[in-house]
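Pasted below: run_11.csv, CSV, C-alpha atoms.
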```csv
chain,number,residue,atom,x,y,z
E,1,MET,CA,-17.2,7.9,-14.7
E,2,TRP,CA,-15.3,10.4,-16.8
E,3,ALA,CA,-14.7,7.9,-19.6
E,4,ALA,CA,-17.8,9.4,-21.4
E,5,PHE,CA,-15.6,12.4,-22.3
E,6,ALA,CA,-13.6,10.1,-24.7
E,7,LYS,CA,-16.4,10.6,-27.1
E,8,ARG,CA,-16.1,13.1,-30.0
E,9,PRO,CA,-16.0,16.6,-28.5
E,10,ARG,CA,-19.1,18.8,-28.9
E,11,MET,CA,-20.1,22.1,-27.4
E,12,THR,CA,-23.4,22.4,-25.7
E,13,THR,CA,-25.7,25.3,-25.3
E,14,GLU,CA,-26.6,24.8,-21.6
E,15,SER,CA,-25.8,27.6,-19.2
E,16,LEU,CA,-22.6,27.6,-17.3
E,17,PRO,CA,-22.9,26.6,-13.6
E,18,LYS,CA,-22.5,29.3,-11.0
E,19,GLY,CA,-18.9,30.2,-10.4
E,20,THR,CA,-17.5,29.0,-13.7
E,21,ASP,CA,-17.5,32.2,-15.6
E,22,ALA,CA,-14.3,33.6,-17.1
E,23,GLU,CA,-13.6,35.9,-14.2
E,24,SER,CA,-14.1,33.1,-11.5
E,25,LEU,CA,-11.8,30.7,-13.4
E,26,THR,CA,-9.2,33.4,-13.9
E,27,GLU,CA,-9.1,33.9,-10.1
E,28,ALA,CA,-9.0,30.1,-9.4
E,29,LEU,CA,-6.1,29.5,-11.8
E,30,ARG,CA,-4.2,32.5,-10.5
E,31,CYS,CA,-4.6,31.4,-6.9
E,32,SER,CA,-3.3,27.9,-7.8
E,33,GLY,CA,-0.2,29.5,-9.3
E,34,LEU,CA,-0.9,28.6,-13.0
E,35,LEU,CA,-2.0,31.9,-14.3
E,36,GLY,CA,0.3,34.9,-14.4
E,37,GLY,CA,-0.6,38.1,-16.2
E,38,GLY,CA,-3.1,36.6,-18.6
E,39,ARG,CA,-6.7,35.8,-18.0
E,40,VAL,CA,-9.4,33.4,-19.0
E,41,SER,CA,-11.4,35.1,-21.8
E,42,GLU,CA,-14.1,32.6,-22.5
E,43,VAL,CA,-15.6,29.4,-21.0
E,44,ALA,CA,-17.8,26.9,-22.8
E,45,ILE,CA,-19.3,23.5,-21.8
E,46,GLN,CA,-17.9,20.9,-24.1
E,47,ARG,CA,-19.8,18.0,-22.6
E,48,SER,CA,-21.8,17.3,-19.4
E,49,PHE,CA,-23.7,14.4,-17.9
E,50,PRO,CA,-25.2,13.5,-14.5
E,51,THR,CA,-24.0,10.5,-12.5
E,52,LEU,CA,-25.8,8.8,-9.7
E,53,LEU,CA,-24.6,11.3,-7.1
E,54,SER,CA,-23.2,14.4,-9.0
E,55,HIS,CA,-23.1,16.2,-12.3
E,56,ILE,CA,-19.9,16.4,-14.4
E,57,PHE,CA,-19.0,19.2,-16.8
E,58,ARG,CA,-16.0,19.4,-19.2
E,59,LEU,CA,-15.2,23.0,-19.6
E,60,ARG,CA,-13.2,24.4,-22.5
E,61,LEU,CA,-11.2,27.6,-21.8
E,62,SER,CA,-9.8,30.3,-24.0
E,63,TYR,CA,-7.2,32.8,-22.8
E,64,GLU,CA,-6.0,36.3,-23.4
E,65,GLY,CA,-2.2,36.8,-23.1
E,66,GLU,CA,0.3,34.0,-22.6
E,67,ALA,CA,-1.4,30.6,-22.6
E,68,ALA,CA,1.5,28.2,-22.9
E,69,GLY,CA,1.2,25.4,-20.4
E,70,LEU,CA,-2.3,26.4,-19.3
E,71,PRO,CA,-5.1,23.8,-19.3
E,72,ALA,CA,-7.3,23.9,-22.4
E,73,THR,CA,-10.0,22.0,-20.5
E,74,LEU,CA,-11.0,21.5,-16.9
E,75,ILE,CA,-13.5,19.2,-15.1
E,76,LEU,CA,-16.2,20.7,-12.9
E,77,LYS,CA,-17.9,18.2,-10.5
E,78,ALA,CA,-21.0,19.6,-8.9
E,79,GLY,CA,-23.9,18.4,-6.7
E,80,LEU,CA,-27.3,17.3,-8.0
E,81,PRO,CA,-29.9,19.8,-6.8
E,82,GLU,CA,-32.4,17.1,-6.1
E,83,ARG,CA,-30.0,15.5,-3.6
E,84,ALA,CA,-29.3,18.7,-1.6
E,85,GLY,CA,-30.4,18.3,2.0
E,86,GLY,CA,-30.7,14.5,1.8
E,87,PRO,CA,-28.8,11.9,3.7
E,88,TRP,CA,-25.9,11.7,1.3
E,89,LYS,CA,-23.2,14.2,2.4
E,90,GLY,CA,-20.5,13.1,0.0
E,91,GLY,CA,-20.1,16.4,-1.8
E,92,ARG,CA,-19.2,18.2,1.5
E,93,SER,CA,-16.9,15.3,2.3
E,94,GLU,CA,-15.1,15.4,-1.0
E,95,VAL,CA,-14.6,19.2,-0.8
E,96,ALA,CA,-13.0,18.6,2.6
E,97,PHE,CA,-10.8,15.9,1.1
E,98,TYR,CA,-9.3,18.2,-1.4
E,99,ALA,CA,-8.8,20.9,1.2
E,100,GLU,CA,-7.4,18.7,4.0
E,101,VAL,CA,-5.9,15.7,2.4
E,102,ALA,CA,-5.1,16.1,-1.4
E,103,SER,CA,-3.2,19.4,-0.8
E,104,ALA,CA,-0.8,17.5,1.6
E,105,THR,CA,-0.6,14.3,-0.5
E,106,PRO,CA,2.4,13.6,-2.8
E,107,ALA,CA,1.7,14.9,-6.4
E,108,GLY,CA,0.4,12.5,-8.9
E,109,LEU,CA,-1.7,10.2,-6.7
E,110,VAL,CA,-5.0,12.2,-7.1
E,111,PRO,CA,-6.2,14.7,-9.7
E,112,ARG,CA,-5.1,18.3,-9.0
E,113,CYS,CA,-7.9,20.5,-7.6
E,114,PHE,CA,-7.9,24.2,-8.5
E,115,ALA,CA,-10.9,25.3,-6.5
E,116,SER,CA,-13.5,23.8,-4.2
E,117,HIS,CA,-16.6,25.1,-2.5
E,118,TRP,CA,-19.4,23.8,-0.2
E,119,ASP,CA,-22.3,26.0,0.8
E,120,PRO,CA,-23.7,25.1,4.2
E,121,GLN,CA,-26.9,27.0,3.5
E,122,THR,CA,-27.9,25.1,0.4
E,123,ASP,CA,-25.7,22.0,0.7
E,124,GLY,CA,-24.5,22.9,-2.9
E,125,TRP,CA,-20.9,22.1,-3.7
E,126,GLN,CA,-18.4,22.2,-6.6
E,127,LEU,CA,-14.9,21.0,-7.4
E,128,LEU,CA,-12.7,22.3,-10.2
E,129,LEU,CA,-10.3,19.5,-11.2
E,130,GLU,CA,-7.6,18.9,-13.8
E,131,ASP,CA,-8.9,17.1,-16.9
E,132,LEU,CA,-7.2,13.7,-17.5
E,133,THR,CA,-9.5,12.6,-20.3
E,134,ASP,CA,-6.8,12.8,-23.0
E,135,THR,CA,-4.0,11.1,-21.0
E,136,HIS,CA,-5.8,8.6,-18.9
E,137,ARG,CA,-8.4,5.9,-19.1
E,138,ILE,CA,-10.7,3.8,-17.0
E,139,ALA,CA,-9.8,0.1,-16.8
E,140,THR,CA,-13.1,-1.2,-18.2
E,141,PRO,CA,-16.6,-0.2,-18.8
E,142,TRP,CA,-18.7,-0.9,-15.7
E,143,PRO,CA,-19.3,-3.6,-14.5
E,144,LEU,CA,-16.6,-5.6,-16.3
E,145,PRO,CA,-13.6,-6.6,-14.2
E,146,PRO,CA,-10.1,-5.3,-15.0
E,147,GLN,CA,-7.3,-7.1,-16.7
E,148,LEU,CA,-4.8,-8.4,-14.1
E,149,GLN,CA,-2.1,-5.9,-15.2
E,150,ASP,CA,-4.5,-3.0,-14.7
E,151,ALA,CA,-5.6,-4.4,-11.3
E,152,GLU,CA,-2.0,-4.6,-10.3
E,153,GLY,CA,-1.5,-0.9,-11.3
E,154,ILE,CA,-4.5,0.1,-9.3
E,155,MET,CA,-3.3,-1.9,-6.2
E,156,ARG,CA,0.1,-0.1,-6.4
E,157,ALA,CA,-1.6,3.3,-6.6
E,158,ARG,CA,-3.7,2.4,-3.5
E,159,ALA,CA,-0.6,1.2,-1.7
E,160,ARG,CA,1.3,4.4,-2.5
E,161,PHE,CA,-1.5,6.6,-1.3
E,162,HIS,CA,-2.1,4.6,1.8
E,163,ALA,CA,1.6,4.6,2.6
E,164,ALA,CA,1.7,8.4,2.3
E,165,TRP,CA,-0.8,8.7,5.2
E,166,TRP,CA,0.1,5.5,7.2
E,167,ASP,CA,-0.1,6.2,10.9
E,168,HIS,CA,0.3,9.9,10.0
E,169,PRO,CA,0.2,12.2,13.1
E,170,ARG,CA,-2.6,14.3,11.5
E,171,LEU,CA,-5.0,11.3,11.4
E,172,GLY,CA,-7.8,12.0,13.8
E,173,ALA,CA,-6.5,15.4,14.5
E,174,ASP,CA,-7.1,17.7,11.5
E,175,VAL,CA,-7.4,14.9,8.9
E,176,GLY,CA,-10.5,12.9,9.5
E,177,HIS,CA,-11.6,12.1,13.1
E,178,TRP,CA,-11.6,9.1,15.4
E,179,ALA,CA,-15.0,7.9,16.5
E,180,ASP,CA,-15.1,7.3,20.3
E,181,GLU,CA,-17.1,4.6,21.9
E,182,ALA,CA,-20.2,6.8,22.0
E,183,GLY,CA,-19.8,7.6,18.3
E,184,MET,CA,-19.3,4.0,17.5
E,185,ASP,CA,-22.5,3.1,19.4
E,186,GLU,CA,-24.4,5.7,17.4
E,187,TRP,CA,-23.0,4.3,14.2
E,188,LEU,CA,-24.0,0.7,15.1
E,189,GLY,CA,-27.5,1.9,16.1
E,190,SER,CA,-27.9,3.5,12.7
E,191,LEU,CA,-26.6,0.3,11.1
E,192,ALA,CA,-29.2,-1.8,13.0
E,193,GLU,CA,-32.0,0.5,12.0
E,194,ASN,CA,-31.0,0.5,8.3
E,195,TYR,CA,-30.5,-3.2,8.3
E,196,ALA,CA,-34.1,-3.7,9.6
E,197,ARG,CA,-35.4,-1.7,6.6
E,198,PHE,CA,-33.0,-3.5,4.2
E,199,ALA,CA,-34.0,-6.9,5.4
E,200,ASP,CA,-37.7,-6.0,5.2
E,201,GLN,CA,-37.4,-5.0,1.5
E,202,ALA,CA,-35.2,-8.0,0.7
E,203,GLY,CA,-37.8,-10.4,2.0
E,204,ASP,CA,-37.2,-14.0,1.0
E,205,GLY,CA,-34.2,-12.8,-1.0
E,206,LEU,CA,-32.3,-12.7,2.3
E,207,SER,CA,-32.0,-16.2,3.7
E,208,ALA,CA,-32.4,-17.2,7.3
E,209,ASP,CA,-28.7,-18.1,7.3
E,210,ARG,CA,-27.7,-14.6,6.1
E,211,ARG,CA,-30.1,-13.0,8.5
E,212,GLY,CA,-28.4,-15.0,11.3
E,213,LEU,CA,-25.0,-13.8,10.1
E,214,TYR,CA,-26.1,-10.1,10.3
E,215,ALA,CA,-27.5,-10.7,13.7
E,216,ARG,CA,-24.2,-12.2,14.9
E,217,LEU,CA,-22.2,-9.4,13.3
E,218,LEU,CA,-24.3,-6.7,15.1
E,219,GLU,CA,-23.8,-8.6,18.4
E,220,ALA,CA,-20.0,-9.0,17.9
E,221,ALA,CA,-19.5,-5.5,16.5
E,222,PRO,CA,-18.4,-3.7,19.7
E,223,ARG,CA,-15.6,-6.3,20.1
E,224,LEU,CA,-14.7,-6.3,16.4
E,225,ALA,CA,-14.4,-2.5,16.5
E,226,GLY,CA,-11.4,-2.9,18.8
E,227,ARG,CA,-9.3,-3.1,15.7
E,228,TYR,CA,-10.5,0.4,14.7
E,229,HIS,CA,-10.1,1.8,18.2
E,230,SER,CA,-6.4,0.7,18.3
E,231,HIS,CA,-5.6,3.6,15.9
E,232,ARG,CA,-2.6,1.6,14.8
E,233,HIS,CA,-1.7,0.8,11.2
E,234,MET,CA,-4.3,3.2,9.9
E,235,THR,CA,-4.4,5.5,7.0
E,236,VAL,CA,-6.8,7.6,4.8
E,237,ILE,CA,-9.0,5.3,2.8
E,238,GLN,CA,-11.1,6.1,-0.2
E,239,GLY,CA,-14.2,4.2,0.9
E,240,ASP,CA,-15.7,4.0,-2.6
E,241,ALA,CA,-12.7,2.1,-3.8
E,242,HIS,CA,-13.9,0.2,-6.9
E,243,VAL,CA,-11.6,0.0,-10.0
E,244,TRP,CA,-13.7,2.5,-11.9
E,245,ASN,CA,-12.6,5.2,-9.5
E,246,CYS,CA,-9.0,5.0,-10.8
E,247,PHE,CA,-7.5,6.6,-13.8
E,248,LEU,CA,-4.8,4.6,-15.6
E,249,PRO,CA,-2.3,6.2,-18.1
E,250,LYS,CA,-3.2,5.5,-21.7
E,251,GLN,CA,0.4,5.0,-22.6
E,252,GLU,CA,2.6,2.7,-20.5
E,253,GLY,CA,5.3,4.6,-18.7
E,254,ALA,CA,3.5,7.9,-19.2
E,255,GLY,CA,2.7,8.7,-15.6
E,256,GLN,CA,1.0,6.6,-12.9
E,257,ALA,CA,-2.5,5.6,-11.9
E,258,MET,CA,-4.5,8.3,-10.0
E,259,LEU,CA,-7.4,7.8,-7.7
E,260,PHE,CA,-10.6,9.9,-7.9
E,261,ASP,CA,-14.0,10.2,-6.4
E,262,TRP,CA,-13.3,10.9,-2.7
E,263,ASP,CA,-16.8,11.5,-1.3
E,264,SER,CA,-16.6,8.5,1.1
E,265,TRP,CA,-13.1,9.0,2.5
E,266,SER,CA,-12.2,8.5,6.1
E,267,ALA,CA,-9.3,7.6,8.5
E,268,ASN,CA,-9.6,3.8,8.9
E,269,VAL,CA,-8.0,0.4,8.2
E,270,ALA,CA,-6.5,0.2,4.7
E,271,THR,CA,-7.9,-3.2,3.8
E,272,ILE,CA,-11.4,-1.7,3.8
E,273,ASP,CA,-10.5,-0.3,0.3
E,274,LEU,CA,-9.1,-3.6,-0.8
E,275,ALA,CA,-12.1,-5.6,0.3
E,276,TYR,CA,-14.4,-3.1,-1.4
E,277,MET,CA,-12.5,-3.4,-4.6
E,278,MET,CA,-12.4,-7.2,-4.8
E,279,ALA,CA,-14.8,-8.9,-2.4
E,280,VAL,CA,-17.7,-6.5,-3.1
E,281,HIS,CA,-17.3,-6.2,-6.9
E,282,TRP,CA,-15.8,-9.4,-8.2
E,283,TYR,CA,-17.4,-12.8,-8.7
E,284,PRO,CA,-15.8,-15.8,-7.0
E,285,GLU,CA,-13.9,-17.3,-10.0
E,286,MET,CA,-11.9,-14.2,-10.8
E,287,ARG,CA,-11.5,-13.2,-7.1
E,288,ARG,CA,-10.1,-16.6,-6.2
E,289,ARG,CA,-7.6,-16.4,-9.0
E,290,SER,CA,-6.4,-12.9,-8.3
E,291,GLU,CA,-7.1,-12.0,-4.6
E,292,SER,CA,-4.0,-13.4,-2.9
E,293,HIS,CA,-1.6,-12.3,-5.7
E,294,LEU,CA,-3.0,-8.7,-5.6
E,295,LEU,CA,-2.6,-8.6,-1.8
E,296,ASP,CA,1.0,-9.6,-2.4
E,297,VAL,CA,1.4,-6.8,-4.9
E,298,TYR,CA,-0.2,-4.3,-2.5
E,299,HIS,CA,2.0,-5.4,0.5
E,300,ALA,CA,5.2,-5.2,-1.5
E,301,GLU,CA,4.4,-1.7,-2.7
E,302,LEU,CA,3.4,-0.6,0.8
E,303,THR,CA,6.7,-1.8,2.2
E,304,ALA,CA,8.6,-0.2,-0.7
E,305,HIS,CA,7.1,3.1,0.3
E,306,GLY,CA,8.2,3.0,3.9
E,307,VAL,CA,5.5,1.1,5.9
E,308,ARG,CA,7.2,-1.0,8.6
E,309,GLY,CA,6.0,-3.4,11.3
E,310,TYR,CA,3.0,-4.6,9.2
E,311,ASP,CA,3.7,-8.0,7.7
E,312,ARG,CA,1.8,-10.0,5.1
E,313,GLN,CA,-0.1,-12.0,7.8
E,314,ALA,CA,-1.3,-8.8,9.5
E,315,LEU,CA,-2.6,-7.6,6.1
E,316,GLN,CA,-4.4,-10.9,5.6
E,317,GLU,CA,-6.0,-10.7,9.0
E,318,ASP,CA,-7.2,-7.2,8.4
E,319,TYR,CA,-8.5,-8.1,5.0
E,320,ARG,CA,-10.7,-10.9,6.3
E,321,LEU,CA,-12.1,-8.6,9.0
E,322,SER,CA,-12.7,-6.0,6.3
E,323,VAL,CA,-14.6,-8.5,4.1
E,324,LEU,CA,-16.8,-9.3,7.1
E,325,TRP,CA,-17.6,-5.6,7.6
E,326,GLN,CA,-18.3,-5.2,3.9
E,327,ILE,CA,-21.4,-7.3,4.1
E,328,THR,CA,-22.9,-4.1,5.6
E,329,THR,CA,-22.1,-2.2,2.3
E,330,PRO,CA,-25.3,-3.2,0.6
E,331,VAL,CA,-27.2,-2.1,3.7
E,332,TRP,CA,-25.8,1.4,3.6
E,333,GLN,CA,-26.2,1.6,-0.2
E,334,HIS,CA,-29.9,0.7,0.2
E,335,SER,CA,-30.3,3.4,2.9
E,336,LEU,CA,-28.9,6.0,0.5
E,337,GLY,CA,-31.3,5.1,-2.3
E,338,ILE,CA,-28.7,3.4,-4.5
E,339,PRO,CA,-30.6,1.2,-7.0
E,340,PRO,CA,-31.1,-2.5,-6.3
E,341,ALA,CA,-29.1,-3.3,-9.5
E,342,ILE,CA,-26.1,-2.2,-7.6
E,343,TRP,CA,-26.7,-3.3,-4.0
E,344,TRP,CA,-28.3,-6.6,-4.8
E,345,ASN,CA,-25.3,-7.8,-6.9
E,346,ASN,CA,-22.9,-6.4,-4.2
E,347,LEU,CA,-24.8,-8.4,-1.6
E,348,GLU,CA,-24.4,-11.7,-3.5
E,349,ARG,CA,-20.7,-11.2,-4.2
E,350,VAL,CA,-19.6,-10.0,-0.8
E,351,HIS,CA,-21.4,-12.9,1.0
E,352,MET,CA,-19.7,-15.4,-1.3
E,353,ALA,CA,-16.3,-13.8,-0.5
E,354,ALA,CA,-17.1,-13.9,3.3
E,355,GLU,CA,-17.8,-17.7,2.9
E,356,ASP,CA,-14.6,-18.3,1.0
E,357,LEU,CA,-12.5,-16.6,3.6
E,358,ASP,CA,-14.4,-18.2,6.5
E,359,CYS,CA,-15.2,-14.7,8.0
E,360,ARG,CA,-17.8,-16.3,10.2
E,361,ALA,CA,-15.0,-17.7,12.4
E,362,LEU,CA,-14.1,-14.1,13.3
E,363,LEU,CA,-17.5,-13.9,15.1
E,364,GLY,CA,-16.4,-16.4,17.8
```
Would you mind writing the file out in structure tokens?
Amino acid sequence: MWAAFAKRPRMTTESLPKGTDAESLTEALRCSGLLGGGRVSEVAIQRSFPTLLSHIFRLRLSYEGEAAGLPATLILKAGLPERAGGPWKGGRSEVAFYAEVASATPAGLVPRCFASHWDPQTDGWQLLLEDLTDTHRIATPWPLPPQLQDAEGIMRARARFHAAWWDHPRLGADVGHWADEAGMDEWLGSLAENYARFADQAGDGLSADRRGLYARLLEAAPRLAGRYHSHRHMTVIQGDAHVWNCFLPKQEGAGQAMLFDWDSWSANVATIDLAYMMAVHWYPEMRRRSESHLLDVYHAELTAHGVRGYDRQALQEDYRLSVLWQITTPVWQHSLGIPPAIWWNNLERVHMAAEDLDCRALLG
């Protein structure tokens, strides 16, 4: 997403978003412990662009007083006015992530956040984040798959993050929440309604065989949700865990991969992230070559960072179940107005993965 900032810098003449004037940024940097007696004297937009769900600004800062060690640029991520009040609540969720989760996560796993705000009246939101444009890169231009070495680095980053929150006592308390049976029933009801609309638009593009698979999944869902209701071997997941939501260091050995875009986070089973990364986004030839190896890499890193009692077979079982649940991802994407160019390709890939892994067998 932020790879566009790698282009030649250029200042724009557009107005600064609310809350990004020099005084506001001075206060934000001072509260985060970066700014002492100096102050931000000037702010300019170096580059900006809208994404599917937000607007990104690269801000260039000038200072009065001692400026050594202070950031020359920051990233502002803000909501799109036309999405305010709609079904997508990712901005509010991401603001909560940086307030509740990132602040208690070991340094270096997610970008540092200097200020965050969500307005319940307007549904407007903003995040002021560190700028990694000059030090980090995205693995590939979307939708190209990553090189194996980069995929391994992303898997290790995910494992380190998951391990930091694995069976954490705050899960379901003040970090995320556990859905009870009534909440799960409501979620499944919403899924059934959205699936009906999805299937109607897909028409003949959704075969009778796949329609039957969705029907069986909806029927078996209360039983399959038992894995979730166990609240064991759970962590904070990113949700939108594709490879383009990870920054990789440009120079080998210069830092570690960092995960960004946390608008879909929750407390859940870790393999949901892994299935989203591979089963939803990779075509069969590459996935078949890399999938098992990358799960090995992930499990080794998870174990190295303190996770116990969760063997490689348990990971494999969770992964298969997560792939089965991921056939609902195109349904949810359709319900949020995500373009067919995204959900249609995801639909094909994830169903091929479910067939390869014999996920139907999980339905009984």
Contacts of segment 46-63 of chain E at 6 Å or less, counting all atoms listed in the file, minus same-chain residues fewer than 4 places along, as a short mmCIF file (atom, residue, chain, number, x, y, z; two decimals) with C-alpha atoms, in the coordinates of the input?
```
data_model
loop_
_atom_site.label_atom_id
_atom_site.label_comp_id
_atom_site.auth_asym_id
_atom_site.auth_seq_id
_atom_site.Cartn_x
_atom_site.Cartn_y
_atom_site.Cartn_z
CA ARG E 10 -19.10 18.80 -28.90
CA MET E 11 -20.10 22.10 -27.40
CA THR E 12 -23.40 22.40 -25.70
CA ARG E 39 -6.70 35.80 -18.00
CA VAL E 40 -9.40 33.40 -19.00
CA SER E 41 -11.40 35.10 -21.80
CA GLU E 42 -14.10 32.60 -22.50
CA ALA E 72 -7.30 23.90 -22.40
CA THR E 73 -10.00 22.00 -20.50
CA LEU E 74 -11.00 21.50 -16.90
CA ILE E 75 -13.50 19.20 -15.10
CA LEU E 76 -16.20 20.70 -12.90
CA LYS E 77 -17.90 18.20 -10.50
CA ALA E 78 -21.00 19.60 -8.90
CA GLY E 79 -23.90 18.40 -6.70
CA LEU E 80 -27.30 17.30 -8.00
#
```
* For atom CA of Gly37 of chain E and atom CA of Pro71 of chain E, the interatomic separation in Å (one decimal) ->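 Computing the Euclidean distance for atom CA of Gly37 of chain E and atom CA of Pro71 of chain E yields 15.3 Å.
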Using all atoms listed in the file, I'd like a table of the residues in segment 154-256 of chain E that come within 10 Å of segment 321-327 of chain E; for each, show the closest atom pair and its distance in Å rounded to one decimal, ordered by chain and ascending number, as CSV.
```
residue,atom,partner,partner_atom,distance
E:Arg210,CA,E:Ile327,CA,9.8
E:Leu213,CA,E:Ile327,CA,9.6
E:Tyr214,CA,E:Ile327,CA,8.3
E:Leu217,CA,E:Leu324,CA,8.2
E:Ala221,CA,E:Trp325,CA,9.1
E:Leu224,CA,E:Leu321,CA,8.2
E:Ala225,CA,E:Leu321,CA,9.9
E:Arg227,CA,E:Leu321,CA,9.1
```
* Which residues come within 12 Å of Gly91 of chain E, counting only C-alpha atoms, excluding same-chain residues fewer than 6 positions away, as a PyMOL selection string? -> chain E and resi 53-55+77-81+83-85+97-98+116-120+122-127+261-265
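The residue set within 10 Å of Gln238 of chain E, counting all atoms listed in the file and dropping same-chain residues fewer than 5 places from it, reads Phe97, Arg158, Phe161, His162, Asn245, Leu259, Phe260, Asp261, Trp262, Asp263, Ser264, Trp265, Ser266, Ala267, Asn268, Ala270, Ile272, Asp273, Leu274 and Tyr276 of chain E.
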